Amino acid sequence: MTTLAPDRESVLVRAPGPRELHPVRTHRRRRAVELSLAVAVPLLLILLWQLAATRSWIDARVYPAPSTIFADGWDRAAVGDLWPDVWATVKRVLAGYALGTAAGCLLGLLMGSLSLLRAALEPLLDALYVVPKLALLPIFLNMFGLGEGPQVALVATTVFFFVWISTMSAVMAIPSGHRDAGQVFGASPWQMFRHVLLPASLPAVLVGARIAAGVAVLVIVASEQIAATNGLGHLIFDSRALFQNDVMFVGIVCVAVLGVVFSELVRVVGRLLTPWAPRDRGRGQS
């Protein structure tokens, strides 16, 4: 409600609304609406897909009904045929992600802090960044041979560029006043890094790490379709070649679940590491 004060100069006065009077209740109501929408939209699409398959609006041999996909996935998981492929993909993603994140953070911090190092390496890395990462797979096959090495190296390379760019940009974006304050208090290089550079840049670094988590899953699945004998990517490609479309969709669903879980795990870890940063969900947002 807005009223005018009985003064010569009109002043708008806004009465507090439900958000100000009952912030907790308003937040819970909004979270309930958001959660309902997040569940309802995928569920509606799945029901529409099921209806289209059972009513023969689409060819169920090419696009099996969700109930068929779920039943096949359950059977494969029960007999143990699904888990080796899932575990093979998870291992490659975790190993490549750890290596790429560590290298990207380290080099990003150094290049963001040292202008001469940035001038020396940034043009080269920019040129390598635009190269499609799958184009590097033959090189990694020549370097490491068949096995886990090429898959892990491809994921690590992909993750490295995302984390490197976000880390370097975050360090360069730190206001000069932060550094000046540290110098005024006589901070050593380690103290400057620990108490100024790292806390100021970490939220943006973790955003890049979260994006890299989803991209890592995409890259490993594409790589497994080309040069692997197991994994979810191999399962999808092999089942499509054998016209086992229900198995193919089981692999696609597993990839989607893996990507969501991995990305959310990185997000949760990021929130624990940066409690001072604005949250992308929940109570921290209005």
# chains A, B, ... in the order shown; residues from 1 in each chain; ligands from 1
>>> residues_around(residues="Ala95 in chain A", least_positions_apart="2", cutoff="9 Å", atoms="only C-alpha atoms", output="number ranges by chain")
A: 90-93, 97-100, 152-153, 155-156
>>> write_last_selection(atoms="N, CA and C atoms", output="short mmCIF file (atom, residue, chain, number, x, y, z; two decimals), in the first residue's frame")
data_model
loop_
_atom_site.label_atom_id
_atom_site.label_comp_id
_atom_site.auth_asym_id
_atom_site.auth_seq_id
_atom_site.Cartn_x
_atom_site.Cartn_y
_atom_site.Cartn_z
N VAL A 90 32.37 -42.73 -14.60
CA VAL A 90 32.58 -41.91 -13.39
C VAL A 90 34.07 -41.80 -13.07
N LYS A 91 34.80 -42.89 -13.17
CA LYS A 91 36.24 -42.86 -12.89
C LYS A 91 36.97 -41.90 -13.82
N ARG A 92 36.65 -41.96 -15.08
CA ARG A 92 37.32 -41.07 -16.04
C ARG A 92 36.98 -39.61 -15.79
N VAL A 93 35.74 -39.36 -15.48
CA VAL A 93 35.33 -37.97 -15.22
C VAL A 93 36.02 -37.43 -13.98
N TYR A 97 38.68 -34.51 -14.21
CA TYR A 97 38.21 -33.26 -13.59
C TYR A 97 39.19 -32.79 -12.52
N ALA A 98 39.69 -33.71 -11.71
CA ALA A 98 40.64 -33.33 -10.66
C ALA A 98 41.91 -32.75 -11.26
N LEU A 99 42.45 -33.40 -12.28
CA LEU A 99 43.68 -32.91 -12.90
C LEU A 99 43.46 -31.56 -13.59
N GLY A 100 42.38 -31.44 -14.35
CA GLY A 100 42.11 -30.20 -15.07
C GLY A 100 41.82 -29.04 -14.14
N VAL A 152 41.04 -39.73 -19.91
CA VAL A 152 41.31 -38.83 -18.79
C VAL A 152 41.96 -37.54 -19.27
N ALA A 153 42.91 -37.67 -20.20
CA ALA A 153 43.60 -36.48 -20.72
C ALA A 153 42.63 -35.55 -21.44
N VAL A 155 39.36 -35.18 -20.88
CA VAL A 155 38.54 -34.50 -19.87
C VAL A 155 39.35 -33.43 -19.15
N ALA A 156 40.58 -33.77 -18.77
CA ALA A 156 41.43 -32.82 -18.06
C ALA A 156 41.69 -31.58 -18.90
#
>>> residues_around(residues="range 163-169 of chain A", least_positions_apart="4", cutoff="12 Å", atoms="only C-alpha atoms", output="MDAnalysis selection string")
chainID A and resid 97:115 117:118 121:122 125:126 129 156:159 173:174 197:213 215:216
>>> residues_around(residues="range 242-252 of chain A", least_positions_apart="6", cutoff="10 Å", atoms="only C-alpha atoms", output="ChimeraX atom specification")
/A:60-66,68-74,76,82,85-86,221,231-236,258
>>> write_last_selection(atoms="C-alpha atoms", output="compact mmCIF listing (two decimals), in the first residue's frame")
# COMPACT_ATOMS: atom_id res chain seq x y z
CA ALA A 60 7.81 -46.95 -30.13
CA ARG A 61 10.53 -49.02 -31.80
CA VAL A 62 12.58 -45.87 -32.34
CA TYR A 63 11.40 -43.92 -29.29
CA PRO A 64 10.51 -46.49 -26.61
CA ALA A 65 8.05 -45.48 -23.92
CA PRO A 66 9.56 -44.25 -20.62
CA THR A 68 9.95 -49.56 -21.24
CA ILE A 69 13.20 -47.64 -20.71
CA PHE A 70 12.77 -47.74 -16.93
CA ALA A 71 12.02 -51.48 -16.94
CA ASP A 72 15.03 -52.24 -19.11
CA GLY A 73 17.30 -50.07 -16.99
CA TRP A 74 16.05 -51.71 -13.81
CA ARG A 76 20.20 -54.29 -16.40
CA LEU A 82 24.80 -51.44 -16.14
CA ASP A 85 29.74 -48.87 -17.70
CA VAL A 86 28.58 -46.28 -15.15
CA VAL A 221 30.56 -39.55 -23.40
CA GLY A 231 31.48 -46.63 -20.41
CA LEU A 232 28.12 -44.98 -20.97
CA GLY A 233 29.21 -43.40 -24.24
CA HIS A 234 30.20 -46.81 -25.60
CA LEU A 235 26.93 -48.28 -24.33
CA ILE A 236 24.91 -45.62 -26.18
CA LEU A 258 25.33 -38.30 -13.78
>>> residues_around(residues="Ile139 in chain A", least_positions_apart="6", cutoff="10 Å", atoms="only C-alpha atoms", output="CSV table (one decimal) with all heavy atoms, in the first residue's frame")
chain,number,residue,atom,x,y,z
A,145,GLY,N,48.3,-44.3,-26.0
A,145,GLY,CA,47.8,-45.6,-26.4
A,145,GLY,C,46.4,-45.8,-26.0
A,145,GLY,O,45.7,-44.9,-25.5
A,150,PRO,N,43.9,-41.7,-22.7
A,150,PRO,CA,43.4,-40.7,-23.6
A,150,PRO,C,42.1,-40.1,-23.1
A,150,PRO,O,41.8,-38.9,-23.3
A,150,PRO,CB,43.2,-41.4,-24.9
A,150,PRO,CG,44.1,-42.6,-24.8
A,150,PRO,CD,44.2,-42.9,-23.4
A,154,LEU,N,41.7,-36.1,-22.2
A,154,LEU,CA,40.7,-35.3,-22.9
A,154,LEU,C,39.8,-34.5,-21.9
A,154,LEU,O,39.6,-33.3,-22.1
A,154,LEU,CB,39.9,-36.1,-23.8
A,154,LEU,CG,39.0,-35.4,-24.8
A,154,LEU,CD1,39.9,-34.6,-25.8
A,154,LEU,CD2,38.1,-36.4,-25.5
>>> closest_residue(among="A:Ala52, A:Val260, A:Ile46, A:Ala40", to="Val217 in chain A", atoms="only C-alpha atoms")
A:Val260
>>> select_by_dssp(residues="range 218-281 of chain A", states="alpha helix (DSSP H)", output="NGL selection string")
:A and (218-227 or 232-241 or 245-273)
>>> atom_distance(atom1="CA of Thr89 in chain A", atom2="CA of Val255 in chain A")
9.1 Å
